[in-house]
Structure formats: C-alpha cells, structure tokens
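Text of protein22.cif (mmCIF, C-alpha atoms and all ligand atoms) as supplied:
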```
data_data
loop_
_atom_site.label_atom_id
_atom_site.label_comp_id
_atom_site.auth_asym_id
_atom_site.auth_seq_id
_atom_site.Cartn_x
_atom_site.Cartn_y
_atom_site.Cartn_z
CA MET A 299 157.19 -111.91 -99.47
CA LYS A 300 154.06 -112.97 -97.59
CA LEU A 301 152.09 -115.97 -98.82
CA HIS A 302 149.18 -113.94 -100.24
CA GLU A 303 151.67 -111.84 -102.21
CA ARG A 304 153.32 -114.94 -103.63
CA VAL A 305 149.89 -116.34 -104.53
CA LEU A 306 149.11 -113.06 -106.26
CA SER A 307 152.32 -113.29 -108.30
CA MET A 308 151.36 -116.77 -109.44
CA LEU A 309 147.82 -115.69 -110.37
CA ARG A 310 149.29 -112.81 -112.35
CA ILE A 311 151.58 -115.04 -114.37
CA HIS A 312 148.82 -117.54 -115.13
CA GLU A 313 146.46 -116.82 -118.00
CA GLY A 314 143.03 -118.02 -116.81
CA TYR A 315 142.69 -120.41 -113.88
CA CYS A 316 145.47 -121.74 -111.68
CA SER A 317 144.65 -124.74 -109.51
CA GLY A 318 144.93 -124.58 -105.72
CA GLU A 319 146.76 -127.89 -105.77
CA TYR A 320 149.40 -126.60 -108.18
CA MET A 321 149.98 -123.45 -106.14
CA ALA A 322 150.16 -125.42 -102.89
CA ARG A 323 152.80 -127.69 -104.40
CA GLU A 324 154.83 -124.85 -105.89
CA LEU A 325 154.75 -122.78 -102.71
CA GLN A 326 155.09 -125.81 -100.41
CA VAL A 327 152.07 -125.04 -98.28
CA SER A 328 148.69 -126.71 -97.77
CA ARG A 329 145.71 -126.09 -100.07
CA ASN A 330 143.95 -124.61 -97.08
CA SER A 331 146.72 -121.99 -96.77
CA ILE A 332 146.22 -121.14 -100.46
CA TRP A 333 142.49 -120.76 -99.88
CA LYS A 334 143.18 -118.43 -96.92
CA ALA A 335 145.68 -116.41 -98.97
CA VAL A 336 143.12 -116.00 -101.76
CA ASN A 337 140.55 -114.79 -99.23
CA ARG A 338 143.10 -112.28 -97.94
CA LEU A 339 143.57 -111.01 -101.51
CA LYS A 340 139.79 -110.67 -101.89
CA ASP A 341 139.69 -108.70 -98.62
CA GLU A 342 142.41 -106.44 -100.00
CA GLY A 343 140.18 -105.63 -102.98
CA TYR A 344 141.48 -108.01 -105.65
CA ALA A 345 138.75 -109.66 -107.72
CA VAL A 346 139.64 -113.39 -107.67
CA LYS A 347 137.21 -115.90 -109.20
CA SER A 348 137.10 -119.35 -107.61
CA SER A 349 135.98 -122.60 -109.22
CA THR A 350 136.00 -125.96 -107.46
CA ARG A 351 137.11 -127.60 -110.68
CA ASN A 352 139.69 -125.15 -112.02
CA GLY A 353 141.04 -123.27 -109.04
CA TYR A 354 141.51 -119.49 -108.95
CA CYS A 355 141.70 -116.74 -111.53
CA LEU A 356 142.66 -113.08 -111.05
CA GLU A 357 139.94 -111.04 -112.76
CA SER A 358 141.05 -107.54 -111.84
CA VAL A 359 143.28 -105.63 -109.45
CA GLY A 360 140.40 -103.25 -108.61
CA ASN A 361 141.13 -100.76 -105.88
CA ALA A 362 143.60 -103.03 -104.10
CA MET A 363 147.04 -102.01 -102.85
CA LEU A 364 149.83 -104.31 -101.74
CA PRO A 365 153.39 -103.34 -100.77
CA SER A 366 154.76 -105.78 -103.36
CA ASP A 367 152.71 -104.11 -106.13
CA ILE A 368 153.96 -100.67 -105.13
CA SER A 369 157.54 -101.95 -104.85
CA ALA A 370 157.30 -103.36 -108.34
CA ALA A 371 156.64 -99.83 -109.64
CA LEU A 372 159.48 -98.21 -107.69
CA GLU A 373 162.61 -97.04 -109.47
CA PRO A 374 166.12 -98.13 -108.39
CA HIS A 375 166.59 -95.09 -106.11
CA THR A 376 163.43 -95.95 -104.14
CA LYS A 377 163.69 -99.75 -104.17
CA GLN A 378 165.03 -99.77 -100.60
CA LEU A 379 161.91 -98.13 -99.11
CA LYS A 380 160.14 -100.16 -96.42
CA LEU A 381 156.45 -100.15 -97.26
CA GLN A 382 153.60 -101.03 -94.92
CA ILE A 383 149.90 -100.90 -95.67
CA LYS A 384 147.28 -100.89 -92.93
CA GLU A 385 143.52 -101.11 -93.05
CA SER A 386 142.77 -98.43 -90.53
CA VAL A 387 144.88 -96.19 -88.30
CA THR A 388 144.18 -93.04 -86.34
CA SER A 389 146.75 -91.09 -88.35
CA THR A 390 149.59 -92.40 -90.51
CA ASN A 391 151.72 -89.47 -89.30
CA ASP A 392 151.18 -90.49 -85.66
CA GLU A 393 151.93 -94.14 -86.45
CA ILE A 394 155.15 -93.24 -88.26
CA LYS A 395 156.19 -90.98 -85.37
CA ARG A 396 155.73 -93.91 -83.02
CA LEU A 397 157.85 -96.11 -85.30
CA ALA A 398 160.47 -93.34 -85.57
CA GLU A 399 160.82 -93.30 -81.78
CA GLU A 400 161.38 -97.08 -81.93
CA GLY A 401 164.27 -96.41 -84.31
CA VAL A 402 162.99 -97.59 -87.71
CA PRO A 403 165.10 -96.30 -90.61
CA GLU A 404 164.57 -93.44 -93.03
CA GLY A 405 162.39 -94.50 -95.92
CA THR A 406 159.81 -96.32 -93.81
CA VAL A 407 156.48 -95.62 -95.51
CA LEU A 408 153.03 -96.26 -94.11
CA ILE A 409 149.89 -96.17 -96.21
CA ALA A 410 146.42 -96.66 -94.73
CA HIS A 411 143.08 -97.37 -96.38
CA GLU A 412 141.41 -95.24 -93.70
CA GLN A 413 142.34 -92.76 -90.97
CA THR A 414 139.98 -92.28 -88.08
CA MET A 415 141.75 -89.14 -86.85
CA GLY A 416 143.56 -87.83 -89.93
CA LYS A 417 145.38 -84.61 -89.13
CA GLY A 418 145.59 -81.45 -91.18
CA ARG A 419 147.63 -78.29 -90.67
CA LEU A 420 146.89 -75.82 -87.91
CA GLY A 421 145.19 -78.41 -85.71
CA ARG A 422 142.53 -79.19 -88.31
CA SER A 423 141.37 -82.68 -89.19
CA PHE A 424 141.79 -84.38 -92.55
CA HIS A 425 138.74 -86.27 -93.77
CA SER A 426 140.02 -89.78 -94.57
CA PRO A 427 137.19 -92.25 -95.27
CA TYR A 428 137.94 -95.88 -96.15
CA GLY A 429 139.21 -96.68 -99.63
CA THR A 430 138.59 -93.26 -101.16
CA GLY A 431 141.99 -91.67 -100.64
CA LEU A 432 145.71 -92.17 -100.52
CA TYR A 433 146.84 -91.53 -96.95
CA MET A 434 150.61 -91.93 -96.78
CA SER A 435 153.39 -90.95 -94.37
CA ILE A 436 157.11 -91.18 -94.99
CA LEU A 437 159.83 -91.18 -92.33
CA LEU A 438 162.85 -89.02 -93.13
CA ARG A 439 166.03 -88.61 -91.15
CA PRO A 440 167.68 -85.74 -92.99
CA ALA A 441 171.08 -84.37 -92.08
CA PHE A 442 170.04 -80.75 -92.53
CA SER A 443 168.81 -78.20 -89.96
CA ALA A 444 165.23 -77.80 -88.76
CA THR A 445 164.79 -74.58 -90.77
CA GLN A 446 165.41 -76.54 -93.96
CA ALA A 447 162.45 -78.79 -93.13
CA LEU A 448 160.16 -76.44 -95.04
CA PHE A 449 161.78 -77.68 -98.24
CA ILE A 450 160.56 -81.18 -97.50
CA THR A 451 157.04 -79.79 -97.85
CA THR A 452 157.72 -77.69 -100.94
CA GLY A 453 159.60 -80.57 -102.60
CA ALA A 454 156.73 -82.90 -101.72
CA ALA A 455 154.19 -80.50 -103.25
CA VAL A 456 156.09 -80.64 -106.56
CA ALA A 457 156.42 -84.45 -106.29
CA VAL A 458 152.68 -84.89 -105.66
CA CYS A 459 151.87 -82.74 -108.72
CA ARG A 460 154.21 -84.82 -110.85
CA GLY A 461 152.72 -88.03 -109.43
CA ILE A 462 149.15 -86.95 -110.13
CA GLU A 463 150.04 -85.91 -113.66
CA ALA A 464 151.83 -89.23 -114.26
CA VAL A 465 148.66 -91.24 -113.59
CA THR A 466 145.80 -88.89 -114.57
CA PRO A 467 145.30 -86.45 -117.45
CA LYS A 468 144.76 -83.59 -114.95
CA LYS A 469 146.88 -80.51 -114.38
CA ALA A 470 147.94 -80.16 -110.76
CA GLU A 471 148.67 -76.77 -109.21
CA ILE A 472 150.04 -75.60 -105.88
CA LYS A 473 148.50 -73.27 -103.37
CA TRP A 474 151.28 -71.98 -101.14
CA VAL A 475 152.57 -73.60 -99.02
CA ASN A 476 151.34 -77.15 -99.36
CA ASP A 477 147.94 -77.66 -100.91
CA ILE A 478 147.46 -79.25 -104.31
CA TYR A 479 144.58 -78.03 -106.42
CA ILE A 480 142.94 -79.28 -109.59
CA GLU A 481 140.58 -76.98 -111.46
CA GLY A 482 140.34 -74.63 -108.52
CA LYS A 483 139.61 -77.24 -105.83
CA LYS A 484 141.83 -78.84 -103.22
CA VAL A 485 142.58 -82.52 -103.86
CA CYS A 486 145.56 -82.95 -101.57
CA GLY A 487 147.06 -81.63 -98.35
CA ILE A 488 150.56 -82.15 -96.99
CA LEU A 489 151.53 -82.11 -93.34
CA THR A 490 155.20 -82.32 -92.38
CA GLU A 491 155.93 -82.81 -88.69
CA ALA A 492 159.46 -82.62 -87.36
CA ALA A 493 161.17 -83.68 -84.15
CA THR A 494 164.20 -81.53 -83.50
CA ASP A 495 167.40 -82.51 -81.82
CA LEU A 496 167.85 -79.89 -79.11
CA GLU A 497 171.56 -80.58 -78.75
CA ASN A 498 172.63 -79.69 -82.27
CA GLY A 499 169.60 -77.86 -83.67
CA GLY A 500 169.28 -80.51 -86.35
CA LEU A 501 166.35 -82.72 -87.16
CA HIS A 502 165.91 -85.86 -85.16
CA TYR A 503 163.47 -86.96 -87.85
CA ALA A 504 160.67 -85.60 -90.00
CA VAL A 505 157.38 -87.20 -90.97
CA LEU A 506 156.03 -86.23 -94.35
CA GLY A 507 152.27 -86.89 -94.53
CA ILE A 508 150.40 -86.73 -97.81
CA GLY A 509 146.62 -87.05 -98.10
CA ILE A 510 145.00 -87.22 -101.54
CA ASN A 511 141.28 -87.47 -102.27
CA VAL A 512 141.30 -90.16 -104.95
CA ARG A 513 137.55 -90.50 -105.38
CA GLU A 514 134.63 -88.68 -103.91
CA PRO A 515 133.18 -90.47 -100.87
CA GLU A 516 129.83 -92.17 -101.63
CA GLU A 517 128.04 -89.79 -99.30
CA GLY A 518 129.93 -86.82 -100.78
CA PHE A 519 132.34 -84.56 -98.91
CA PRO A 520 131.18 -83.22 -95.54
CA GLU A 521 129.22 -79.97 -95.76
CA GLU A 522 132.14 -77.79 -94.67
CA LEU A 523 134.40 -79.15 -97.44
CA ARG A 524 131.88 -79.30 -100.27
CA GLU A 525 132.77 -75.92 -101.75
CA THR A 526 136.51 -76.31 -101.63
CA ALA A 527 137.42 -80.00 -101.85
CA ALA A 528 137.49 -82.29 -104.85
CA ALA A 529 138.84 -85.71 -105.76
CA LEU A 530 140.94 -86.94 -108.67
CA PHE A 531 137.96 -89.01 -109.83
CA GLN A 532 134.28 -88.51 -109.21
CA ASP A 533 133.30 -92.17 -108.91
CA SER A 534 135.01 -95.01 -110.74
CA VAL A 535 138.77 -95.10 -110.33
CA PRO A 536 141.02 -96.83 -112.89
CA GLU A 537 142.34 -100.21 -111.81
CA GLY A 538 145.40 -100.08 -109.57
CA LEU A 539 145.36 -96.29 -109.51
CA ARG A 540 146.36 -95.84 -105.86
CA THR A 541 149.26 -98.25 -106.33
CA LYS A 542 150.54 -96.35 -109.37
CA LEU A 543 149.96 -92.99 -107.72
CA SER A 544 151.83 -93.83 -104.53
CA ALA A 545 154.78 -95.26 -106.49
CA ALA A 546 154.87 -92.23 -108.80
CA ILE A 547 154.92 -89.85 -105.82
CA LEU A 548 157.61 -91.81 -103.98
CA ASN A 549 159.76 -91.95 -107.12
CA ALA A 550 159.35 -88.21 -107.70
CA PHE A 551 159.82 -87.19 -104.08
CA PHE A 552 162.99 -89.19 -103.42
CA HIS A 553 164.43 -87.92 -106.66
CA LEU A 554 164.06 -84.35 -105.33
CA TYR A 555 165.00 -85.31 -101.77
CA GLN A 556 168.44 -86.50 -102.89
CA ALA A 557 169.25 -82.90 -103.79
CA LEU A 558 166.85 -80.98 -101.58
CA ASP A 559 169.60 -78.54 -100.66
CA ASP A 560 170.07 -77.19 -104.16
CA ARG A 561 166.34 -76.32 -104.38
CA SER A 562 166.31 -76.84 -108.10
CA PHE A 563 162.62 -77.71 -107.83
CA MET A 564 161.70 -74.20 -106.64
CA GLN A 565 161.32 -72.96 -110.21
CA GLU A 566 158.74 -75.68 -110.87
CA TYR A 567 157.09 -74.95 -107.52
CA LYS A 568 156.70 -71.33 -108.62
CA GLU A 569 155.39 -72.22 -112.05
CA ARG A 570 152.76 -74.46 -110.50
CA SER A 571 151.69 -71.83 -107.94
CA PHE A 572 148.47 -70.52 -109.38
CA PHE A 573 148.04 -67.35 -107.36
CA ILE A 574 151.07 -65.35 -108.47
CA GLY A 575 149.64 -62.10 -109.84
CA ARG A 576 146.35 -62.63 -108.01
CA ARG A 577 144.66 -60.89 -105.17
CA VAL A 578 144.78 -62.84 -101.89
CA ARG A 579 144.21 -62.49 -98.22
CA LEU A 580 146.95 -63.78 -95.94
CA LEU A 581 146.02 -64.96 -92.45
CA ARG A 582 148.84 -64.87 -89.92
CA GLY A 583 147.59 -65.83 -86.49
CA ASN A 584 145.13 -63.11 -85.63
CA THR A 585 146.23 -60.68 -88.31
CA VAL A 586 145.08 -60.51 -91.90
CA VAL A 587 146.72 -58.65 -94.76
CA SER A 588 145.52 -58.41 -98.34
CA GLY A 589 147.14 -57.53 -101.61
CA ILE A 590 148.50 -58.94 -104.85
CA VAL A 591 151.05 -61.76 -104.81
CA GLN A 592 154.10 -60.66 -106.78
CA ASP A 593 156.38 -63.66 -106.47
CA ILE A 594 157.61 -66.66 -104.49
CA ASP A 595 161.32 -66.46 -103.74
CA GLU A 596 164.02 -69.13 -103.40
CA GLU A 597 163.24 -69.51 -99.70
CA ALA A 598 159.59 -70.29 -100.56
CA ALA A 599 158.47 -66.97 -99.04
CA ILE A 600 155.74 -64.99 -100.82
CA ILE A 601 156.27 -61.41 -101.85
CA MET A 602 153.09 -59.32 -101.73
CA GLU A 603 152.16 -55.84 -102.75
CA LEU A 604 149.82 -54.90 -99.93
CA ASP A 605 146.78 -52.70 -100.44
CA SER A 606 148.81 -49.91 -98.83
CA GLY A 607 151.28 -50.16 -101.74
CA GLN A 608 153.98 -51.56 -99.49
CA ILE A 609 155.96 -54.61 -100.69
CA GLU A 610 156.29 -57.27 -97.98
CA ARG A 611 157.76 -60.75 -97.71
CA PHE A 612 156.04 -63.51 -95.70
CA ILE A 613 157.49 -66.87 -94.80
CA ALA A 614 154.34 -68.39 -93.27
CA GLY A 615 150.60 -67.96 -93.18
CA GLU A 616 147.40 -69.22 -94.72
CA VAL A 617 146.45 -67.84 -98.10
CA GLN A 618 142.84 -67.26 -99.06
CA ILE A 619 142.03 -66.62 -102.67
CA ASP A 620 139.06 -64.86 -104.13
CA LYS A 621 136.64 -67.70 -104.87
CA LYS A 622 135.78 -66.48 -108.35
CA ASP A 623 139.46 -65.90 -109.13
CA LEU A 624 140.04 -69.61 -108.71
CA PHE A 625 138.20 -70.17 -111.97
CA ASN A 626 138.53 -67.04 -114.09
CA GLY A 627 141.76 -65.33 -113.18
CA GLY A 628 140.12 -62.00 -112.22
CA SER A 629 141.87 -59.95 -109.60
CA LYS A 630 139.75 -57.59 -107.50
CA ARG A 631 136.80 -59.13 -105.71
CA ASN A 632 135.74 -59.36 -102.13
CA GLU A 633 134.37 -62.85 -101.68
CA MET A 634 137.25 -64.91 -100.34
CA GLU A 635 137.56 -68.64 -100.08
CA GLU A 636 140.35 -70.61 -98.52
C1 LIG B 1 146.20 -80.23 -94.70
O1 LIG B 1 145.51 -80.22 -95.72
O2 LIG B 1 146.07 -79.37 -93.81
C2 LIG B 1 147.21 -81.31 -94.53
C3 LIG B 1 146.57 -82.68 -94.61
C4 LIG B 1 147.55 -83.83 -94.47
C5 LIG B 1 146.85 -85.16 -94.46
C6 LIG B 1 147.79 -86.32 -94.45
S1 LIG B 1 146.97 -87.85 -94.73
C7 LIG B 1 148.41 -88.72 -94.29
C8 LIG B 1 149.01 -88.00 -93.12
N1 LIG B 1 148.42 -88.44 -91.87
C9 LIG B 1 147.74 -87.47 -91.27
O3 LIG B 1 147.15 -87.61 -90.17
N2 LIG B 1 147.80 -86.36 -91.97
C10 LIG B 1 148.60 -86.52 -93.18
#
```
Once more with this new file: its structure as structure tokens, please.
Ligand code: BTN
Amino acid sequence: MKLHERVLSMLRIHEGYCSGEYMARELQVSRNSIWKAVNRLKDEGYAVKSSTRNGYCLESVGNAMLPSDISAALEPHTKQLKLQIKESVTSTNDEIKRLAEEGVPEGTVLIAHEQTMGKGRLGRSFHSPYGTGLYMSILLRPAFSATQALFITTGAAVAVCRGIEAVTPKKAEIKWVNDIYIEGKKVCGILTEAATDLENGGLHYAVLGIGINVREPEEGFPEELRETAAALFQDSVPEGLRTKLSAAILNAFFHLYQALDDRSFMQEYKERSFFIGRRVRLLRGNTVVSGIVQDIDEEAAIIMELDSGQIERFIAGEVQIDKKDLFNGGSKRNEMEE
C-alpha cells in the first residue's frame, strides 16, 4: 500500500483529528511525508481538514477514488484484480492494450478520471470530461475463440446494469448490443477490442472498456449528445459513488465471466433489452432495414419482422429506435433516434 493510502486508513479509523506526529511515528516516516501524503489525498478529492494543533481529520470521501478503496469493496473472486487509477489518459482501452503487449496479466484494470481521446464504437469518440464519469478498461485473456468475444460485451452489459442498480435506485436497460439506458437515455457505452492469435484463431487478449456518465458535465453534454445522453446523477453525486460503482461492476462482471460459456446471463440480457416488440431501424454499413424486433436469441442476434413481412436474423448492426417510443412504448412512428 502506498503511503497516502496508509494515511487514509489511519484517518478512517480515527474519530476526529489524528496528529501528524502520531501518524509519522506509526508509519515510520517523517512528518513532512505525512503532510505530502495528506496533500495527495486532497488532490485525489478527499476532504481532509488540517489544524496545526490537532493534526488531520477526514471530513468526507467526496468524489475520490483510490485502488485500495475499490479493493476493499471487491468480493473474494475479484480480490486478485490489479487496479490502477490515473488522472488523465488518452483512452483507458489504448493504455490497457499497451500494457497487454508488455505482458501484464488478466485482471489488470485501469480507471481514469479523464480521457482526452475516449473511443466509442464505429470509430466514434466517447466524451470523457474530468471527474464526471467512470472510464474503466479491463484486460482479459480468455481461453475461448474470437467469435465468443461478443459474449464479453453482452455479459458486461448485464454486469453494468446490475452495478448501476446496486448503487442507485434507477432501472438500467440495454439497447442491443452494448448501450445502457436509463429512462430512455444512454448513460453508458461499452467497447470491447480484441487482439486475435492468428496461429490458433483464439484470442490473444481482449480489452473491455466501459464508460459511464456519472454526473452531467458542468457545461452540459455537447450539443450532438444533448438529446440522447444522460448521466446517473444530474449534479451532486453521493459520496464514494464511483468507488462503489466500479467495485459493483467488477464483482458482477467477473461472476459472469467465470461461466461466460454457459451464457446463463442471456435471459437477463433479453429481459433488460427494452426494444423487443418495438419498431426499429437497423443500420448495417450502408444498408438500412426497418421492422419490429421479435426476439434476441442465445447467440445475441436479433430477430426482426421486416416491413416486407420477412423474418430475418441479424448478428451485428446499429439499432435506432423511434424517439417517442423510448418513452411511451408506441410502435409505429417515423422520427428515429439512435
Ligand atoms: C460507445 O458508446 O460507442 C462505447 C463507448 C466506450 C467508452 C469506454 S470509456 C473506457 C474505455 N476507453 C475508451 O476509450 N473507450 C471505452
């Protein structure tokens, strides 16, 4: 444990103030090191009061996140995860890919307070301003084939819903394949990137990237996202929320990941998919088809009754749902919204 994490543990145990001298003695460092560690905690977002007479006192955890805090909330099956938290990165997925090439083990997790070039699906960007979201990537080295990689995403979608519902009173739903919606607006996107092993057709590794809008940015969402994006909270976020949320997602995901092959989570995935029975438009490259979604099968493909009356199965594509249907469950309108 790093010094600032050990100082934090001591401040947590102490009711009221804890003197710098006492901590320095207990941790066998100088008082100056304690002072520096406290400043580091303040930089991380912890509210620590200082008094020349009495020492330091932890007032609140605020919006802070530390690996040790997340670890403390992990269950036995996720205790071995290697957590890193960074202030700012271009993309946590890109960083984890770089680490994967260096050979770091499965279960390496990187969380950033900000991404300057957050990536979305289909070459889009993912808006990731400082301190307002949970931007997390997980390195996986699964034994299964590259085609199975889709189930990392579908499993993760279920895990994110469970995580959100564990720490907020909101109901989380899935928009096929990998977007999480609350009350008709997107709060989370998932991007899984895989490196395949050309020799055996297996996966060299996969990077599971999860981006959640935790609170609305001060300046609001950019114009192009305003209609479709939302955050878990509009402004004030409960203390330690991102810590609890990341631990809840990791616990839920690795629970499913242990038995990804049996796809037992697909039933829940289906139940959380809010467009079954609704009219959608499906974009596939340059082609667009529209019709009513009948079902999602065990392979996570959607079954649609097209306007022509034909029943078709699609394994990939981008679904657009009638904007008004997002809120009232109607079925035949023309105005579509992604
Ligand atoms: C999408 O909505 O199209 C997917 C968005 C995925 C965003 C996450 S944030 C953490 C990870 N790092 C990235 O650069 N992207 C993913």
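Minimum atom-to-atom distance to Thr452 of chain A, evaluated using all atoms listed in the file, belongs to A:Gly487 out of A:Gly416, A:Gly482, A:Gly487, A:Gly509.
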| All residues having an atom within 9 Å of ligand LIG 1 (chain B) (all atoms listed in the file) as JSON, numbers by chain | {"A": [388, 389, 390, 391, 392, 393, 408, 409, 410, 413, 414, 415, 416, 417, 418, 419, 420, 421, 422, 423, 424, 425, 426, 431, 432, 433, 434, 435, 436, 476, 477, 478, 484, 485, 486, 487, 488, 489, 490, 505, 506, 507, 508, 509, 510]}
message = Set the distance at 7 Å and use all atoms listed in the file: which residues neighbour segment 579-592 of chain A once local chain neighbours fewer than 2 positions away are removed? I'd like the list as a ChimeraX atom specification.
response = /A:573-577,600-605,615-619
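Among the candidates A:Leu496, A:Ala599, A:Leu437, A:Ile547, the residue lying nearest to Glu399 of chain A is A:Leu437 (atoms considered: only C-alpha atoms).
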My list of candidates is A:Glu319, A:Glu596, A:Asp495, A:Glu404. Which is closest to Trp333 of chain A when distances are computed with only C-alpha atoms?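 Distance minimum relative to Trp333 of chain A lands on A:Glu319.
The shortest atom-to-atom distance to His553 of chain A, with all atoms listed in the file taken into account, belongs to A:Thr376 out of A:Ser348, A:Ser331, A:Thr376, A:Gln326.
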Using all atoms listed in the file, the shortest atom-to-atom distance to Arg310 of chain A among A:Lys347, A:Leu325, A:Leu356, A:Arg439 belongs to A:Leu356
Interatomic distance, atom CA of His312 of chain A to atom CA of Tyr354 of chain A (Å, one decimal)
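Interatomic distance, atom CA of His312 of chain A to atom CA of Tyr354 of chain A: 9.8 Å.
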Coordinates of box centre and edge lengths for segment 389-396 of chain A, 4 Å on every side, axis-aligned, as lines of an AutoDock Vina configuration file:
```
center_x = 151.5
center_y = -91.8
center_z = -86.8
size_x = 17.4
size_y = 12.7
size_z = 15.5
```
Select, from A:Ala492, A:Leu501, A:Met564, A:Val578, the residue with the minimum atom-to-atom distance to Phe442 of chain A, counting all atoms listed in the file.
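For Phe442 of chain A, the nearest of the given residues is A:Leu501.
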Atom CA of Ala345 of chain A sits from atom CA of Leu306 of chain A at a separation of 11.0 Å
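Residues with any atom within 6 Å of segment 523-540 of chain A, counting only C-alpha atoms and excluding same-chain neighbours fewer than 6 positions away, are Val359, Gly360, Asn361, Lys483, Lys484, Val485, Asn511, Val512, Arg513 and Glu514 of chain A.
Selecting by distance to (156.4, -104.9, -108.7) with a limit of 12 Å and using only C-alpha atoms, one obtains Met299, Glu303, Arg304, Leu306, Ser307, Arg310, Met363, Leu364, Pro365, Ser366, Asp367, Ile368, Ser369, Ala370, Ala371, Leu372, Glu373, Pro374, Lys377, Thr541, Lys542 and Ala545 of chain A.
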> Interatomic distance between atom CA of Phe572 of chain A and atom CA of Lys469 of chain A?
Replying inline: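 Computed distance, atom CA of Phe572 of chain A to atom CA of Lys469 of chain A, equals 11.3 Å.
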